[in-house]
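Here is entry.pdb, consisting of PDB, C-alpha atoms and all ligand atoms:
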```pdb
MODEL        1
ATOM      1  CA  MET A   1       0.000   0.000   0.000  1.00  0.00           C
ATOM      2  CA  THR A   2       1.329   3.455  -0.815  1.00  0.00           C
ATOM      3  CA  HIS A   3       0.165   6.186   1.488  1.00  0.00           C
ATOM      4  CA  PRO A   4       0.978   9.761   0.434  1.00  0.00           C
ATOM      5  CA  GLN A   5       1.619  11.052   3.917  1.00  0.00           C
ATOM      6  CA  LEU A   6       3.329   8.162   5.633  1.00  0.00           C
ATOM      7  CA  PRO A   7       7.109   7.841   5.535  1.00  0.00           C
ATOM      8  CA  GLY A   8       8.453   5.487   2.862  1.00  0.00           C
ATOM      9  CA  LEU A   9      10.820   2.675   3.678  1.00  0.00           C
ATOM     10  CA  PRO A  10      14.544   3.439   3.321  1.00  0.00           C
ATOM     11  CA  GLY A  11      16.530   1.742   0.557  1.00  0.00           C
ATOM     12  CA  SER A  12      16.032   1.298  -3.148  1.00  0.00           C
ATOM     13  CA  PRO A  13      12.500   1.137  -4.631  1.00  0.00           C
ATOM     14  CA  ARG A  14      11.187  -2.433  -4.633  1.00  0.00           C
ATOM     15  CA  GLU A  15      10.326  -4.351  -7.783  1.00  0.00           C
ATOM     16  CA  ILE A  16       6.504  -4.336  -8.136  1.00  0.00           C
ATOM     17  CA  PRO A  17       5.237  -7.889  -8.755  1.00  0.00           C
ATOM     18  CA  GLY A  18       2.948  -8.528 -11.763  1.00  0.00           C
ATOM     19  CA  PRO A  19      -0.351  -9.064  -9.893  1.00  0.00           C
ATOM     20  CA  GLU A  20       0.155  -5.830  -7.977  1.00  0.00           C
ATOM     21  CA  LYS A  21       1.093  -4.000 -11.189  1.00  0.00           C
ATOM     22  CA  ALA A  22      -2.154  -5.171 -12.798  1.00  0.00           C
ATOM     23  CA  MET A  23      -4.207  -4.207  -9.737  1.00  0.00           C
ATOM     24  CA  LEU A  24      -2.673  -0.729  -9.775  1.00  0.00           C
ATOM     25  CA  LYS A  25      -4.428  -0.281 -13.134  1.00  0.00           C
ATOM     26  CA  LEU A  26      -7.877  -0.623 -11.505  1.00  0.00           C
ATOM     27  CA  SER A  27      -9.880   2.620 -11.540  1.00  0.00           C
ATOM     28  CA  TYR A  28     -11.598   4.082  -8.493  1.00  0.00           C
ATOM     29  CA  GLY A  29     -13.663   7.088  -7.547  1.00  0.00           C
ATOM     30  CA  VAL A  30     -12.686   9.035  -4.437  1.00  0.00           C
ATOM     31  CA  HIS A  31     -15.134   9.100  -1.523  1.00  0.00           C
ATOM     32  CA  VAL A  32     -15.366  10.280   2.067  1.00  0.00           C
ATOM     33  CA  ILE A  33     -17.121   7.906   4.465  1.00  0.00           C
ATOM     34  CA  GLY A  34     -18.853   9.670   7.372  1.00  0.00           C
ATOM     35  CA  SER A  35     -19.481   7.743  10.593  1.00  0.00           C
ATOM     36  CA  ARG A  36     -20.345   8.285  14.242  1.00  0.00           C
ATOM     37  CA  SER A  37     -19.824   6.385  17.477  1.00  0.00           C
ATOM     38  CA  ALA A  38     -22.512   5.386  19.974  1.00  0.00           C
ATOM     39  CA  SER A  39     -21.364   8.268  22.210  1.00  0.00           C
ATOM     40  CA  GLY A  40     -21.611  10.848  19.402  1.00  0.00           C
ATOM     41  CA  GLU A  41     -18.005  11.209  18.177  1.00  0.00           C
ATOM     42  CA  ARG A  42     -17.817  11.715  14.422  1.00  0.00           C
ATOM     43  CA  ASN A  43     -15.288  10.731  11.823  1.00  0.00           C
ATOM     44  CA  ALA A  44     -14.590  11.045   8.109  1.00  0.00           C
ATOM     45  CA  MET A  45     -12.247   8.802   6.108  1.00  0.00           C
ATOM     46  CA  LEU A  46     -10.959   8.745   2.562  1.00  0.00           C
ATOM     47  CA  ALA A  47     -11.998   5.614   0.627  1.00  0.00           C
ATOM     48  CA  ASP A  48     -11.533   4.309  -2.898  1.00  0.00           C
ATOM     49  CA  TRP A  49     -13.205   0.970  -2.393  1.00  0.00           C
ATOM     50  CA  VAL A  50     -16.923   1.728  -2.750  1.00  0.00           C
ATOM     51  CA  THR A  51     -19.276   0.069  -5.230  1.00  0.00           C
ATOM     52  CA  GLN A  52     -22.954  -0.641  -5.792  1.00  0.00           C
ATOM     53  CA  VAL A  53     -23.739  -4.352  -5.332  1.00  0.00           C
ATOM     54  CA  SER A  54     -27.548  -4.606  -5.808  1.00  0.00           C
ATOM     55  CA  PHE A  55     -30.353  -2.653  -7.552  1.00  0.00           C
ATOM     56  CA  THR A  56     -33.255  -4.039  -5.517  1.00  0.00           C
ATOM     57  CA  PRO A  57     -32.763  -3.440  -2.729  1.00  0.00           C
ATOM     58  CA  ARG A  58     -30.231  -0.706  -3.418  1.00  0.00           C
ATOM     59  CA  LEU A  59     -27.069  -1.949  -1.713  1.00  0.00           C
ATOM     60  CA  VAL A  60     -23.477  -0.751  -1.741  1.00  0.00           C
ATOM     61  CA  ALA A  61     -20.261  -2.282  -0.431  1.00  0.00           C
ATOM     62  CA  VAL A  62     -17.572  -0.207   1.235  1.00  0.00           C
ATOM     63  CA  VAL A  63     -14.315  -1.913   2.154  1.00  0.00           C
ATOM     64  CA  ILE A  64     -12.613  -0.701   5.314  1.00  0.00           C
ATOM     65  CA  GLU A  65      -9.344  -1.501   7.109  1.00  0.00           C
ATOM     66  CA  ASN A  66      -9.966  -3.768  10.095  1.00  0.00           C
ATOM     67  CA  ASP A  67      -8.313  -1.333  12.507  1.00  0.00           C
ATOM     68  CA  ALA A  68      -9.988   1.852  11.191  1.00  0.00           C
ATOM     69  CA  ARG A  69     -11.892   4.032  13.633  1.00  0.00           C
ATOM     70  CA  THR A  70     -14.566   4.265  10.935  1.00  0.00           C
ATOM     71  CA  LEU A  71     -15.183   0.501  10.981  1.00  0.00           C
ATOM     72  CA  ARG A  72     -15.455   0.522  14.787  1.00  0.00           C
ATOM     73  CA  PHE A  73     -17.999   3.358  14.620  1.00  0.00           C
ATOM     74  CA  ILE A  74     -20.092   1.648  11.911  1.00  0.00           C
ATOM     75  CA  ARG A  75     -20.144  -1.587  13.916  1.00  0.00           C
ATOM     76  CA  GLU A  76     -21.336   0.419  16.967  1.00  0.00           C
ATOM     77  CA  THR A  77     -24.114   2.433  15.335  1.00  0.00           C
ATOM     78  CA  GLY A  78     -24.937   0.599  12.086  1.00  0.00           C
ATOM     79  CA  VAL A  79     -24.987   3.779   9.992  1.00  0.00           C
ATOM     80  CA  PHE A  80     -22.682   5.696   7.659  1.00  0.00           C
ATOM     81  CA  SER A  81     -22.636   8.223   4.833  1.00  0.00           C
ATOM     82  CA  VAL A  82     -20.772   8.136   1.510  1.00  0.00           C
ATOM     83  CA  ASN A  83     -19.745  11.498   0.002  1.00  0.00           C
ATOM     84  CA  LEU A  84     -18.592  11.543  -3.631  1.00  0.00           C
ATOM     85  CA  LEU A  85     -15.796  14.092  -4.062  1.00  0.00           C
ATOM     86  CA  HIS A  86     -16.067  16.593  -6.891  1.00  0.00           C
ATOM     87  CA  GLU A  87     -13.491  16.565  -9.713  1.00  0.00           C
ATOM     88  CA  LYS A  88     -12.973  20.341  -9.407  1.00  0.00           C
ATOM     89  CA  ASP A  89     -12.122  20.765  -5.734  1.00  0.00           C
ATOM     90  CA  GLY A  90     -12.358  17.324  -4.106  1.00  0.00           C
ATOM     91  CA  MET A  91      -8.584  17.148  -3.751  1.00  0.00           C
ATOM     92  CA  ALA A  92      -8.540  19.750  -0.952  1.00  0.00           C
ATOM     93  CA  ILE A  93     -11.082  17.669   0.978  1.00  0.00           C
ATOM     94  CA  ALA A  94      -9.118  14.474   0.297  1.00  0.00           C
ATOM     95  CA  ARG A  95      -6.002  16.078   1.826  1.00  0.00           C
ATOM     96  CA  GLN A  96      -7.972  17.036   4.905  1.00  0.00           C
ATOM     97  CA  VAL A  97      -9.252  13.514   5.631  1.00  0.00           C
ATOM     98  CA  VAL A  98      -6.415  11.277   4.389  1.00  0.00           C
ATOM     99  CA  MET A  99      -4.768  10.679   7.758  1.00  0.00           C
ATOM    100  CA  PRO A 100      -6.105   8.112  10.233  1.00  0.00           C
ATOM    101  CA  ALA A 101      -8.090   9.769  13.055  1.00  0.00           C
ATOM    102  CA  GLU A 102      -6.081   7.818  15.604  1.00  0.00           C
ATOM    103  CA  SER A 103      -2.416   8.806  15.444  1.00  0.00           C
ATOM    104  CA  ARG A 104      -1.309   5.422  16.809  1.00  0.00           C
ATOM    105  CA  LYS A 105      -2.071   4.059  13.310  1.00  0.00           C
ATOM    106  CA  ILE A 106       0.719   6.246  11.909  1.00  0.00           C
ATOM    107  CA  LYS A 107       4.096   4.502  11.862  1.00  0.00           C
ATOM    108  CA  GLY A 108       6.643   5.995  14.226  1.00  0.00           C
ATOM    109  CA  ARG A 109       4.197   7.785  16.566  1.00  0.00           C
ATOM    110  CA  THR A 110       4.791   6.966  20.239  1.00  0.00           C
ATOM    111  CA  GLY A 111       3.771   8.319  23.650  1.00  0.00           C
ATOM    112  CA  ASP A 112       1.323  11.267  23.753  1.00  0.00           C
ATOM    113  CA  ALA A 113       1.618  11.718  19.969  1.00  0.00           C
ATOM    114  CA  ALA A 114       0.302   8.181  19.513  1.00  0.00           C
ATOM    115  CA  ASN A 115      -2.732   8.848  21.727  1.00  0.00           C
ATOM    116  CA  ALA A 116      -3.867  11.923  19.798  1.00  0.00           C
ATOM    117  CA  VAL A 117      -7.144  11.775  17.868  1.00  0.00           C
ATOM    118  CA  ILE A 118      -7.472  14.120  14.885  1.00  0.00           C
ATOM    119  CA  ASP A 119     -10.837  15.741  14.179  1.00  0.00           C
ATOM    120  CA  LYS A 120     -10.762  15.422  10.396  1.00  0.00           C
ATOM    121  CA  LEU A 121     -14.122  17.198  10.065  1.00  0.00           C
ATOM    122  CA  ALA A 122     -12.780  20.409  11.660  1.00  0.00           C
ATOM    123  CA  GLY A 123     -12.368  22.935   8.875  1.00  0.00           C
ATOM    124  CA  LEU A 124     -14.731  21.139   6.506  1.00  0.00           C
ATOM    125  CA  SER A 125     -18.148  22.519   5.727  1.00  0.00           C
ATOM    126  CA  TYR A 126     -20.806  19.878   6.392  1.00  0.00           C
ATOM    127  CA  ALA A 127     -24.250  19.134   7.766  1.00  0.00           C
ATOM    128  CA  LEU A 128     -25.244  16.191   9.905  1.00  0.00           C
ATOM    129  CA  HIS A 129     -27.777  13.891   8.290  1.00  0.00           C
ATOM    130  CA  ASP A 130     -30.652  12.574  10.415  1.00  0.00           C
ATOM    131  CA  ASN A 131     -28.534   9.434  10.863  1.00  0.00           C
ATOM    132  CA  GLY A 132     -25.856  11.563  12.571  1.00  0.00           C
ATOM    133  CA  CYS A 133     -23.167  11.183   9.888  1.00  0.00           C
ATOM    134  CA  ALA A 134     -21.513  14.027   7.985  1.00  0.00           C
ATOM    135  CA  VAL A 135     -22.770  15.109   4.566  1.00  0.00           C
ATOM    136  CA  LEU A 136     -20.207  17.445   2.999  1.00  0.00           C
ATOM    137  CA  ASP A 137     -21.480  20.744   1.556  1.00  0.00           C
ATOM    138  CA  ASP A 138     -18.866  20.580  -1.211  1.00  0.00           C
ATOM    139  CA  ALA A 139     -19.441  16.982  -2.275  1.00  0.00           C
ATOM    140  CA  LEU A 140     -20.649  16.164  -5.784  1.00  0.00           C
ATOM    141  CA  GLY A 141     -23.312  14.011  -4.154  1.00  0.00           C
ATOM    142  CA  TRP A 142     -23.883  11.745  -1.167  1.00  0.00           C
ATOM    143  CA  PHE A 143     -25.910   8.838   0.136  1.00  0.00           C
ATOM    144  CA  THR A 144     -26.558   7.400   3.565  1.00  0.00           C
ATOM    145  CA  CYS A 145     -26.680   3.727   4.504  1.00  0.00           C
ATOM    146  CA  ASP A 146     -27.731   1.276   7.179  1.00  0.00           C
ATOM    147  CA  ALA A 147     -25.069  -1.408   7.564  1.00  0.00           C
ATOM    148  CA  GLU A 148     -26.600  -4.792   6.750  1.00  0.00           C
ATOM    149  CA  ALA A 149     -23.626  -7.142   6.813  1.00  0.00           C
ATOM    150  CA  PHE A 150     -19.940  -7.252   7.701  1.00  0.00           C
ATOM    151  CA  HIS A 151     -17.633  -9.706   5.982  1.00  0.00           C
ATOM    152  CA  THR A 152     -13.976  -9.756   6.996  1.00  0.00           C
ATOM    153  CA  THR A 153     -11.717 -10.254   3.966  1.00  0.00           C
ATOM    154  CA  GLY A 154      -8.061 -10.393   5.022  1.00  0.00           C
ATOM    155  CA  ASP A 155      -6.915  -7.043   6.374  1.00  0.00           C
ATOM    156  CA  HIS A 156     -10.165  -5.271   5.389  1.00  0.00           C
ATOM    157  CA  THR A 157     -13.882  -5.751   6.084  1.00  0.00           C
ATOM    158  CA  ILE A 158     -16.600  -5.469   3.445  1.00  0.00           C
ATOM    159  CA  VAL A 159     -19.508  -3.497   4.870  1.00  0.00           C
ATOM    160  CA  VAL A 160     -22.725  -3.965   2.911  1.00  0.00           C
ATOM    161  CA  GLY A 161     -24.959  -0.923   3.269  1.00  0.00           C
ATOM    162  CA  ARG A 162     -28.629  -0.488   2.380  1.00  0.00           C
ATOM    163  CA  VAL A 163     -29.017   2.987   0.859  1.00  0.00           C
ATOM    164  CA  THR A 164     -31.529   5.041   2.866  1.00  0.00           C
ATOM    165  CA  ASP A 165     -31.235   8.547   1.402  1.00  0.00           C
ATOM    166  CA  GLY A 166     -29.068  10.585  -0.957  1.00  0.00           C
ATOM    167  CA  ASP A 167     -28.835  13.388  -3.494  1.00  0.00           C
ATOM    168  CA  VAL A 168     -26.626  15.163  -5.994  1.00  0.00           C
ATOM    169  CA  VAL A 169     -25.375  18.474  -4.566  1.00  0.00           C
ATOM    170  CA  ARG A 170     -24.019  20.236  -7.664  1.00  0.00           C
ATOM    171  CA  PRO A 171     -23.330  19.600 -11.355  1.00  0.00           C
ATOM    172  CA  GLY A 172     -20.131  17.892 -12.486  1.00  0.00           C
ATOM    173  CA  GLU A 173     -18.342  14.557 -12.237  1.00  0.00           C
ATOM    174  CA  MET A 174     -16.554  12.613  -9.537  1.00  0.00           C
ATOM    175  CA  LEU A 175     -12.924  12.985  -8.632  1.00  0.00           C
ATOM    176  CA  ILE A 176     -11.155   9.782  -9.658  1.00  0.00           C
ATOM    177  CA  GLU A 177      -8.033   8.397  -8.087  1.00  0.00           C
ATOM    178  CA  ARG A 178      -5.978   8.688 -11.281  1.00  0.00           C
ATOM    179  CA  ASP A 179      -6.530  12.460 -11.277  1.00  0.00           C
ATOM    180  CA  LEU A 180      -5.898  12.687  -7.547  1.00  0.00           C
ATOM    181  CA  GLY A 181      -2.511  11.083  -8.257  1.00  0.00           C
ATOM    182  CA  TRP A 182      -2.532   8.880  -5.164  1.00  0.00           C
ATOM    183  CA  GLU A 183      -3.085   5.162  -5.003  1.00  0.00           C
ATOM    184  CA  TYR A 184      -4.573   2.603  -2.663  1.00  0.00           C
ATOM    185  CA  ALA A 185      -3.399  -0.786  -3.811  1.00  0.00           C
ATOM    186  CA  GLY A 186      -0.902  -3.430  -2.896  1.00  0.00           C
TER     187      GLY A 186
HETATM  188  C1  LIG B 201      -6.250   7.324  -2.083  1.00  0.00           C
HETATM  189  C2  LIG B 201      -6.599   6.580  -0.827  1.00  0.00           C
HETATM  190  C3  LIG B 201      -7.676   5.718  -0.816  1.00  0.00           C
HETATM  191  C4  LIG B 201      -8.009   4.983   0.315  1.00  0.00           C
HETATM  192  N1  LIG B 201      -9.036   4.101   0.276  1.00  0.00           N
HETATM  193  C5  LIG B 201      -9.327   3.362   1.368  1.00  0.00           C
HETATM  194  C6  LIG B 201     -10.359   2.392   1.332  1.00  0.00           C
HETATM  195  O1  LIG B 201     -11.050   2.193   0.321  1.00  0.00           O
HETATM  196  N2  LIG B 201     -10.586   1.682   2.470  1.00  0.00           N
HETATM  197  C7  LIG B 201      -9.850   1.877   3.607  1.00  0.00           C
HETATM  198  O2  LIG B 201     -10.090   1.208   4.611  1.00  0.00           O
HETATM  199  N3  LIG B 201      -8.881   2.792   3.672  1.00  0.00           N
HETATM  200  C8  LIG B 201      -8.605   3.537   2.583  1.00  0.00           C
HETATM  201  N4  LIG B 201      -7.621   4.470   2.647  1.00  0.00           N
HETATM  202  C9  LIG B 201      -6.918   4.671   3.905  1.00  0.00           C
HETATM  203  C10 LIG B 201      -7.812   5.345   4.911  1.00  0.00           C
HETATM  204  O3  LIG B 201      -8.278   6.610   4.464  1.00  0.00           O
HETATM  205  C11 LIG B 201      -7.031   5.504   6.193  1.00  0.00           C
HETATM  206  O4  LIG B 201      -6.482   4.283   6.575  1.00  0.00           O
HETATM  207  C12 LIG B 201      -7.773   6.011   7.327  1.00  0.00           C
HETATM  208  O5  LIG B 201      -6.770   6.005   8.280  1.00  0.00           O
HETATM  209  C13 LIG B 201      -8.860   5.267   8.009  1.00  0.00           C
HETATM  210  O6  LIG B 201      -9.443   6.242   8.766  1.00  0.00           O
HETATM  211  P1  LIG B 201      -9.929   6.155  10.254  1.00  0.00           P
HETATM  212  O7  LIG B 201      -8.994   5.262  11.036  1.00  0.00           O
HETATM  213  O8  LIG B 201      -9.874   7.589  10.695  1.00  0.00           O
HETATM  214  O9  LIG B 201     -11.297   5.598  10.201  1.00  0.00           O
HETATM  215  C14 LIG B 201      -7.264   5.182   1.510  1.00  0.00           C
HETATM  216  C15 LIG B 201      -6.184   6.075   1.522  1.00  0.00           C
HETATM  217  C16 LIG B 201      -5.848   6.752   0.371  1.00  0.00           C
HETATM  218  C17 LIG B 201      -4.682   7.666   0.400  1.00  0.00           C
ENDMDL
END
```
Write out the structure in this file as structure tokens.
Amino acid sequence: MTHPQLPGLPGSPREIPGPEKAMLKLSYGVHVIGSRSASGERNAMLADWVTQVSFTPRLVAVVIENDARTLRFIRETGVFSVNLLHEKDGMAIARQVVMPAESRKIKGRTGDAANAVIDKLAGLSYALHDNGCAVLDDALGWFTCDAEAFHTTGDHTIVVGRVTDGDVVRPGEMLIERDLGWEYAG
């Protein structure tokens, strides 16, 4: 996995194996998943891995790291939002939410620095949906979901969500990962 803000490993660049090279060619949109805990804390995380998986009922799958705060919150409350970032200015939002909320997830953080929790929503303009999750004012569009199923797949968990509400906020197209210039693969 290549993370734009985490330190790289020292030494020469590694040879990328064929399967990984092919998977790096997959295309993704760029999304922000909004979530909340049972006690009312809120979070927002950057996610590529979001797709529709059923028309009737309307279901989506979002795929989340097993140790993400977001996954813990969705397991607690059973709700989340998906914000589609806009091609024009989604990059600024992506930068704001790319780090893990819990600093202990960042390599090299120890002591007090490791216990810090970042409020990634601070500085973003958003409303809270009736389900308590953030809907970004500057998204291209959004939808909200009730989590229906959790399926652990290796180091991530597939969360199947039943879509409960949603809308397009403004004209345009989605920001895609190729244009963002980052990658989430490995
Ligand atoms: C371009 C990009 C796409 C990402 N896509 C995903 C994803 O689909 N699923 C995921 O779990 N993490 C993804 N991440 C990493 C999460 O945003 C990151 O691990 C975050 O720490 C999890 O947030 P949380 O712990 O605050 O919930 C992506 C990171 C980048 C840079």
For this structure, which residues satisfy the selection - the PyMOL selection byres (((chain A and resi 72) around 12) and not hetatm) - when it is evaluated on the file as given? I want them as an mmCIF file with C-alpha atoms, keeping the file's coordinate frame.
```cif
data_model
loop_
_atom_site.group_PDB
_atom_site.id
_atom_site.type_symbol
_atom_site.label_atom_id
_atom_site.label_comp_id
_atom_site.auth_asym_id
_atom_site.auth_seq_id
_atom_site.Cartn_x
_atom_site.Cartn_y
_atom_site.Cartn_z
ATOM 1 C CA SER A 35 -19.481 7.743 10.593
ATOM 2 C CA ARG A 36 -20.345 8.285 14.242
ATOM 3 C CA SER A 37 -19.824 6.385 17.477
ATOM 4 C CA ALA A 38 -22.512 5.386 19.974
ATOM 5 C CA GLU A 41 -18.005 11.209 18.177
ATOM 6 C CA ARG A 42 -17.817 11.715 14.422
ATOM 7 C CA ASN A 43 -15.288 10.731 11.823
ATOM 8 C CA ILE A 64 -12.613 -0.701 5.314
ATOM 9 C CA GLU A 65 -9.344 -1.501 7.109
ATOM 10 C CA ASN A 66 -9.966 -3.768 10.095
ATOM 11 C CA ASP A 67 -8.313 -1.333 12.507
ATOM 12 C CA ALA A 68 -9.988 1.852 11.191
ATOM 13 C CA ARG A 69 -11.892 4.032 13.633
ATOM 14 C CA THR A 70 -14.566 4.265 10.935
ATOM 15 C CA LEU A 71 -15.183 0.501 10.981
ATOM 16 C CA PHE A 73 -17.999 3.358 14.620
ATOM 17 C CA ILE A 74 -20.092 1.648 11.911
ATOM 18 C CA ARG A 75 -20.144 -1.587 13.916
ATOM 19 C CA GLU A 76 -21.336 0.419 16.967
ATOM 20 C CA THR A 77 -24.114 2.433 15.335
ATOM 21 C CA GLY A 78 -24.937 0.599 12.086
ATOM 22 C CA VAL A 79 -24.987 3.779 9.992
ATOM 23 C CA PHE A 80 -22.682 5.696 7.659
ATOM 24 C CA ALA A 101 -8.090 9.769 13.055
ATOM 25 C CA GLU A 102 -6.081 7.818 15.604
ATOM 26 C CA PHE A 150 -19.940 -7.252 7.701
ATOM 27 C CA THR A 157 -13.882 -5.751 6.084
ATOM 28 C CA VAL A 159 -19.508 -3.497 4.870
#
```
Q: Would you please work out which residue, of A:Leu59, A:Leu136, A:Val53, A:Ile158, is nearest to ligand LIG 201 (chain B) when using all atoms listed in the file?
A: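 Looking only at the distances to ligand LIG 201 (chain B), the closest residue turns out to be A:Ile158.
Selection around (-20.6, 8.4, -4.7) with radius 6 Å, counting all atoms listed in the file, yields the residues Asn83, Leu84 and Trp142 of chain A.
The gap separating CA of Gly18 (chain A) from CA of Lys105 (chain A) is 28.5 Å, in Å to one decimal.
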Q) Nearest to Tyr28 (chain A): which of A:Val117, A:Arg170, A:Ser125, A:Val50 is it, counting only C-alpha atoms? A) A:Val50
Q: Might you spell out which residues the PyMOL selection byres (((chain A and resi 169) around 12) and not hetatm) would select in the displayed file, as a VMD selection string?
A: chain A and resid 83 to 86 126 135 to 143 166 to 168 170 to 174
Q: For the structure provided, state which residues fall under the PyMOL selection byres (((chain A and resi 62) around 9) and not hetatm), and present them as a ChimeraX atom specification.
A: /A:33,47-52,60-61,63-64,82,157-161
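Atom pair CA of His151 (chain A) / atom O8 of ligand LIG 201 (chain B) has a distance of 19.5 Å (rounded to one decimal).
What separates CA of Met45 (chain A) from atom P1 of ligand LIG 201 (chain B) is a distance of 5.4 Å.
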Q: Mind checking which residues fall within 9 Å of Ser27 (chain A), counting only C-alpha atoms, ignoring those fewer than 5 positions away in the same chain, and posting them as a ChimeraX atom specification?
A: /A:48,176-178
Output, as lines of an AutoDock Vina configuration file, the centre and edge lengths in Å (one decimal) of the axis-aligned box that contains all listed atoms of ligand LIG 201 (chain B) with 3 Å of margin on each side.
```
center_x = -8.0
center_y = 4.4
center_z = 4.5
size_x = 12.6
size_y = 12.5
size_z = 19.1
```
Q. Between A:Ser81, A:Asn115, A:Asn131, A:Ser103, which is the closest to ligand LIG 201 (chain B) once you count all atoms listed in the file?
A.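 Smallest separation from ligand LIG 201 (chain B) among the options: A:Ser103.
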At most 8 Å from (-29.1, 6.9, 7.3), file frame, all atoms listed in the file: which residues, as a compact mmCIF listing (two decimals) with C-alpha atoms, keeping the file's coordinate frame?
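Written file, out.txt:
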```
# COMPACT_ATOMS: atom_id res chain seq x y z
CA VAL A 79 -24.99 3.78 9.99
CA PHE A 80 -22.68 5.70 7.66
CA SER A 81 -22.64 8.22 4.83
CA HIS A 129 -27.78 13.89 8.29
CA ASP A 130 -30.65 12.57 10.42
CA ASN A 131 -28.53 9.43 10.86
CA GLY A 132 -25.86 11.56 12.57
CA CYS A 133 -23.17 11.18 9.89
CA THR A 144 -26.56 7.40 3.56
CA CYS A 145 -26.68 3.73 4.50
CA ASP A 146 -27.73 1.28 7.18
CA VAL A 163 -29.02 2.99 0.86
CA THR A 164 -31.53 5.04 2.87
CA ASP A 165 -31.24 8.55 1.40
```
